[in-house]
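S.K.: File protein.csv follows (CSV, C-alpha atoms and all ligand atoms):
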```csv
chain,number,residue,atom,x,y,z
A,74,MET,CA,94.0,32.6,5.4
A,75,ILE,CA,95.3,32.9,1.9
A,76,ASN,CA,98.9,31.8,1.1
A,77,ILE,CA,100.3,32.6,-2.3
A,78,VAL,CA,103.5,30.6,-2.7
A,79,ASP,CA,104.6,32.7,-5.7
A,80,ASN,CA,108.4,32.2,-5.6
A,81,LYS,CA,110.5,32.1,-8.7
A,82,PHE,CA,110.7,28.3,-8.9
A,83,MET,CA,106.9,28.0,-8.6
A,84,THR,CA,106.3,30.8,-11.1
A,85,SER,CA,108.6,29.0,-13.6
A,86,LEU,CA,106.7,25.8,-13.2
A,87,VAL,CA,103.3,27.5,-13.7
A,88,ASP,CA,104.7,29.4,-16.7
A,89,GLN,CA,105.6,26.1,-18.3
A,90,LEU,CA,101.9,25.2,-18.0
A,91,ARG,CA,100.9,28.5,-19.6
A,92,HIS,CA,103.0,27.6,-22.7
A,93,THR,CA,100.6,26.3,-25.4
A,94,GLY,CA,103.4,24.0,-26.6
A,95,THR,CA,103.6,22.0,-23.4
A,96,GLU,CA,102.2,18.6,-24.3
A,97,PRO,CA,99.6,16.9,-22.1
A,98,ALA,CA,102.1,14.4,-20.6
A,99,GLU,CA,104.5,17.2,-19.6
A,100,PHE,CA,101.6,19.3,-18.4
A,101,TYR,CA,100.5,16.5,-16.2
A,102,ARG,CA,104.0,15.9,-14.8
A,103,ILE,CA,104.3,19.5,-13.9
A,104,THR,CA,100.8,19.6,-12.4
A,105,LEU,CA,101.8,16.6,-10.1
A,106,LEU,CA,105.0,18.4,-9.1
A,107,ILE,CA,103.1,21.6,-8.2
A,108,ALA,CA,100.5,19.5,-6.3
A,109,GLN,CA,103.3,17.9,-4.2
A,110,LEU,CA,104.9,21.3,-3.4
A,111,LEU,CA,101.5,22.8,-2.4
A,112,THR,CA,100.7,19.7,-0.3
A,113,TYR,CA,104.1,20.1,1.5
A,114,GLU,CA,103.1,23.8,2.3
A,115,ALA,CA,99.7,22.7,3.5
A,116,ILE,CA,101.0,20.0,6.0
A,117,LYS,CA,103.9,21.9,7.5
A,118,GLY,CA,101.8,23.3,10.2
A,119,GLU,CA,100.0,20.0,11.1
A,120,GLU,CA,100.2,18.6,14.6
A,121,TYR,CA,102.9,16.0,14.7
A,122,GLU,CA,103.4,13.4,17.6
A,123,ASN,CA,106.4,11.8,19.1
A,124,LYS,CA,106.7,8.0,19.2
A,125,ASP,CA,109.6,5.8,20.4
A,126,ILE,CA,111.1,3.8,17.7
A,127,PRO,CA,113.9,1.2,17.8
A,128,MET,CA,117.2,2.4,16.5
A,129,TRP,CA,120.3,0.7,15.1
A,130,THR,CA,122.2,1.2,18.4
A,131,GLY,CA,119.6,-0.8,20.3
A,132,ASP,CA,118.3,2.3,22.0
A,133,THR,CA,114.9,3.9,21.3
A,134,TYR,CA,114.6,7.2,19.5
A,135,SER,CA,111.7,9.7,19.9
A,136,ALA,CA,110.6,10.0,16.3
A,137,THR,CA,108.3,12.7,14.8
A,138,VAL,CA,105.3,11.0,13.3
A,139,PHE,CA,102.3,12.3,11.4
A,140,ASP,CA,98.9,10.6,11.5
A,141,GLN,CA,97.9,10.9,7.9
A,142,LYS,CA,94.6,9.1,8.5
A,143,LYS,CA,93.1,12.3,9.7
A,144,ILE,CA,93.6,13.8,6.2
A,145,VAL,CA,91.1,13.4,3.5
A,146,ILE,CA,92.4,14.5,0.0
A,147,MET,CA,89.4,15.6,-2.0
A,148,PRO,CA,89.9,16.2,-5.8
A,149,ILE,CA,87.1,18.0,-7.5
A,150,LEU,CA,86.2,16.3,-10.8
A,151,ARG,CA,87.5,16.6,-13.4
A,152,ALA,CA,90.7,18.7,-13.3
A,153,GLY,CA,91.3,18.0,-9.6
A,154,ILE,CA,92.1,14.4,-10.4
A,155,GLY,CA,95.2,15.8,-12.2
A,156,MET,CA,96.6,16.8,-8.8
A,157,LEU,CA,95.6,13.8,-6.8
A,158,ASP,CA,98.7,11.6,-7.3
A,159,GLY,CA,100.9,14.5,-6.4
A,160,ALA,CA,99.2,15.0,-3.1
A,161,ARG,CA,99.1,11.2,-2.5
A,162,HIS,CA,102.8,11.0,-3.1
A,163,LEU,CA,103.3,12.9,0.2
A,164,LEU,CA,100.3,11.4,2.0
A,165,PRO,CA,99.9,7.8,0.8
A,166,ALA,CA,98.0,6.8,4.0
A,167,ALA,CA,95.4,9.6,3.7
A,168,GLN,CA,91.9,8.9,2.7
A,169,VAL,CA,90.6,10.1,-0.7
A,170,GLN,CA,87.1,11.3,-1.3
A,171,ILE,CA,86.0,12.5,-4.8
A,172,LEU,CA,83.6,15.4,-5.3
A,173,GLY,CA,81.8,15.7,-8.7
A,174,MET,CA,80.8,19.2,-9.7
A,175,PHE,CA,80.8,20.9,-12.9
A,176,ARG,CA,80.3,24.6,-13.8
A,177,ASN,CA,77.1,25.6,-15.5
A,178,GLU,CA,78.7,27.6,-18.4
A,179,SER,CA,75.8,30.1,-18.5
A,180,THR,CA,75.4,30.9,-14.8
A,181,LEU,CA,79.0,29.9,-13.9
A,182,GLU,CA,77.5,28.3,-10.8
A,183,PRO,CA,78.4,24.7,-9.7
A,184,VAL,CA,76.2,21.7,-10.3
A,185,TRP,CA,76.8,18.6,-8.1
A,186,TYR,CA,76.8,15.1,-9.7
A,187,TYR,CA,78.9,13.0,-7.2
A,188,ASN,CA,79.0,13.2,-3.5
A,189,LYS,CA,79.6,10.2,-1.2
A,190,LEU,CA,80.9,12.0,1.8
A,191,PRO,CA,80.7,10.2,5.1
A,192,ALA,CA,77.9,11.7,7.4
A,193,ASP,CA,80.4,12.7,10.1
A,194,MET,CA,83.8,14.2,9.2
A,195,SER,CA,84.5,15.7,12.6
A,196,GLY,CA,88.2,15.4,13.5
A,197,GLN,CA,89.3,15.2,9.9
A,198,HIS,CA,91.2,17.6,7.8
A,199,ALA,CA,89.9,17.9,4.3
A,200,ILE,CA,92.3,19.0,1.6
A,201,LEU,CA,90.3,20.1,-1.5
A,202,ILE,CA,92.3,20.1,-4.7
A,203,ASP,CA,91.4,21.9,-7.9
A,204,PRO,CA,93.9,23.5,-10.2
A,205,MET,CA,91.9,26.6,-11.1
A,206,LEU,CA,90.4,28.9,-8.4
A,207,ALA,CA,88.4,30.9,-10.9
A,208,THR,CA,85.0,32.3,-9.7
A,209,GLY,CA,85.4,30.4,-6.4
A,210,GLY,CA,81.8,29.1,-6.7
A,211,THR,CA,82.7,25.4,-6.8
A,212,LEU,CA,85.1,25.6,-3.9
A,213,VAL,CA,82.7,27.7,-1.8
A,214,ASP,CA,80.0,25.1,-2.4
A,215,ALA,CA,82.4,22.3,-1.5
A,216,VAL,CA,83.4,24.0,1.7
A,217,LEU,CA,79.7,24.5,2.7
A,218,GLU,CA,79.1,20.9,2.0
A,219,LEU,CA,82.0,19.8,4.2
A,220,LYS,CA,80.8,22.0,7.0
A,221,LYS,CA,77.4,20.3,6.8
A,222,HIS,CA,79.4,17.0,7.4
A,223,ASN,CA,81.0,18.6,10.5
A,224,CYS,CA,84.4,19.0,8.9
A,225,GLU,CA,86.1,21.9,10.6
A,226,LYS,CA,89.6,21.9,9.2
A,227,ILE,CA,89.6,22.6,5.5
A,228,THR,CA,92.5,23.5,3.2
A,229,ILE,CA,92.2,24.4,-0.4
A,230,LEU,CA,95.1,23.8,-2.9
A,231,ALA,CA,95.0,25.5,-6.3
A,232,ILE,CA,97.6,26.2,-8.9
A,233,VAL,CA,96.2,29.4,-10.4
A,234,ALA,CA,93.8,31.8,-8.6
A,235,SER,CA,91.9,34.8,-9.7
A,236,PRO,CA,91.6,37.8,-7.4
A,237,GLU,CA,87.8,37.5,-7.8
A,238,GLY,CA,87.9,33.8,-6.6
A,239,ILE,CA,90.2,34.7,-3.7
A,240,ASN,CA,87.9,37.5,-2.5
A,241,ARG,CA,84.8,35.3,-2.8
A,242,LEU,CA,86.5,32.6,-0.6
A,243,LYS,CA,87.6,35.2,1.9
A,244,LYS,CA,84.0,36.4,2.2
A,245,GLU,CA,82.0,33.2,1.9
A,246,ALA,CA,84.4,30.6,3.3
A,247,PRO,CA,86.4,32.3,6.0
A,248,ASN,CA,88.5,30.1,8.3
A,249,VAL,CA,89.5,28.0,5.4
A,250,ARG,CA,93.2,27.8,4.6
A,251,VAL,CA,94.1,28.4,0.9
A,252,PHE,CA,97.4,27.7,-0.7
A,253,VAL,CA,97.8,28.8,-4.3
A,254,ALA,CA,100.9,28.6,-6.5
A,255,VAL,CA,100.3,31.9,-8.3
A,256,LYS,CA,97.6,34.7,-8.3
A,257,ASP,CA,96.7,35.9,-11.8
A,258,ASP,CA,95.1,39.1,-13.1
A,259,HIS,CA,91.4,38.7,-13.6
A,260,LEU,CA,88.6,36.5,-14.9
A,261,ASN,CA,87.2,37.0,-18.4
A,262,GLU,CA,83.4,37.1,-19.1
A,263,ASN,CA,83.3,33.3,-19.5
A,264,GLY,CA,84.9,32.8,-16.1
A,265,TYR,CA,88.3,31.9,-17.4
A,266,ILE,CA,91.4,33.1,-15.6
A,267,LEU,CA,93.7,35.5,-17.5
A,268,PRO,CA,96.5,35.0,-18.3
A,269,GLY,CA,95.7,31.5,-16.9
A,270,LEU,CA,96.3,28.2,-18.5
A,271,GLY,CA,93.1,27.7,-20.6
A,272,ASP,CA,91.0,24.7,-19.7
A,273,ALA,CA,93.1,22.8,-17.1
A,274,GLY,CA,91.1,19.5,-17.5
A,275,ASP,CA,91.6,19.5,-21.3
A,276,ARG,CA,95.3,20.1,-20.9
A,277,ILE,CA,95.8,17.4,-18.3
A,278,PHE,CA,93.6,14.8,-20.0
A,279,ASN,CA,94.5,15.6,-23.6
A,280,THR,CA,90.9,16.2,-24.7
B,1,LIG,N1,88.6,26.3,-15.3
B,1,LIG,C1,89.7,26.2,-16.1
B,1,LIG,O1,90.1,25.0,-16.4
B,1,LIG,N2,90.4,27.3,-16.5
B,1,LIG,C2,90.0,28.5,-16.1
B,1,LIG,O2,90.6,29.5,-16.5
B,1,LIG,C3,88.9,28.6,-15.2
B,1,LIG,C4,88.2,27.5,-14.9
```
Starting from the file, lay out its structure as structure tokens.

M.R.:
Amino acid sequence: MINIVDNKFMTSLVDQLRHTGTEPAEFYRITLLIAQLLTYEAIKGEEYENKDIPMWTGDTYSATVFDQKKIVIMPILRAGIGMLDGARHLLPAAQVQILGMFRNESTLEPVWYYNKLPADMSGQHAILIDPMLATGGTLVDAVLELKKHNCEKITILAIVASPEGINRLKKEAPNVRVFVAVKDDHLNENGYILPGLGDAGDRIFNT
């Protein structure tokens, strides 16, 4: 299920990221804000429970509570780290698991270098975060890896998505929920999204 937020406020935030004059500190601040808004979209449909809590009148009140411990926030290194604190702001009690993958610049296919996933992730909801859904190769690989660890509920949060990446996820990782801030036009021959933001990691980390 692909959800493109694409409202005027979200578009205006992403357009600030597109501006080459947006300095890394401001780029990071906006990235965090977008990550929070996407996380909010992603957890709206979660199962919430009711629990009696004490109230100022001395009565109990049936409060809506959310068990964040079922959630595992998973940034994909490097650029995904730029979204992590935004997601954690909403879900401070969630687990965090980091995945290290880089893109081979000739084949554009992902290469793993860090993976410490627990053997059994059944019953958990993985939220993969990566600002750029470009070819989709990295995210498809991450989803397949999560499935090997019995994780059935998987959500992807990305800021900018290419149509090519979205189509690949639809084909190779169906049943995964995807929330993206905006969908751009296409990928160039080097796998960069156009109009895009450039290299999101470089912009976030000032490299
Ligand atoms: N990664 C980026 O940082 N930017 C792109 O456009 C594609 C992949």

S.K.: Can you list, as a ChimeraX atom specification, every protein, DNA or RNA residue that comes within 12 Å of region 256-273 of chain A when you count only C-alpha atoms, leaving out same-chain residues fewer than 6 positions away?

M.R.: /A:75-80,83-84,86-95,97,100-101,104,150-156,176-182,203-210,231-240,279-280

S.K.: In Å, rounded to a single decimal, give me how far CA of Asp275 (chain A) is from CA of Pro148 (chain A).

M.R.: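 Computing the Euclidean distance for CA of Pro148 (chain A) and CA of Asp275 (chain A) yields 15.9 Å.
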
S.K.: Find the spatial neighbours of Ala136 (chain A), counting only C-alpha atoms, within a cut-off of 8 Å - ignore same-chain residues fewer than 6 positions away - and output them as a PyMOL selection string.

M.R.: chain A and resi 123-126

S.K.: Please report the interatomic distance between CA of Asn248 (chain A) and CA of Lys221 (chain A) in Å with one decimal.

M.R.: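 For CA of Asn248 (chain A) relative to CA of Lys221 (chain A), the distance reads 14.9 Å.
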
S.K.: Do you know which residues are at most 9 Å from Leu172 (chain A) counting only C-alpha atoms, after dropping those on the same chain fewer than 3 positions away, and could you put them as a count of residues only?

M.R.: 11

S.K.: Go through A:Thr211, A:Leu217, A:Thr228, A:Phe82 one by one, measure the shortest atom-to-atom distance of each to ligand LIG 1 (chain B) using all atoms listed in the file, and give the residue with the smallest value.

M.R.: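 Answer, going by the shortest atom-to-atom distance: A:Thr211.
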
S.K.: Check the smallest atom-to-atom distance from each of A:Ile229, A:Val216, A:Ile144, A:Ile103 to Ala246 (chain A) using all atoms listed in the file, then report the winner.

M.R.: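 Closest to Ala246 (chain A), using all atoms listed in the file: A:Val216.
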
S.K.: Report the distance between CA of Pro183 (chain A) and CA of Ile146 (chain A) in Å, rounded to one decimal place.

M.R.: 19.9 Å

S.K.: Could you check the closest approach to Glu114 (chain A) for each of A:Trp129, A:Tyr134, A:Phe175, A:Phe252 and tell me which residue wins, using all atoms listed in the file?

M.R.: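 Of A:Trp129, A:Tyr134, A:Phe175, A:Phe252, the one nearest Glu114 (chain A), counting all atoms listed in the file, is A:Phe252.
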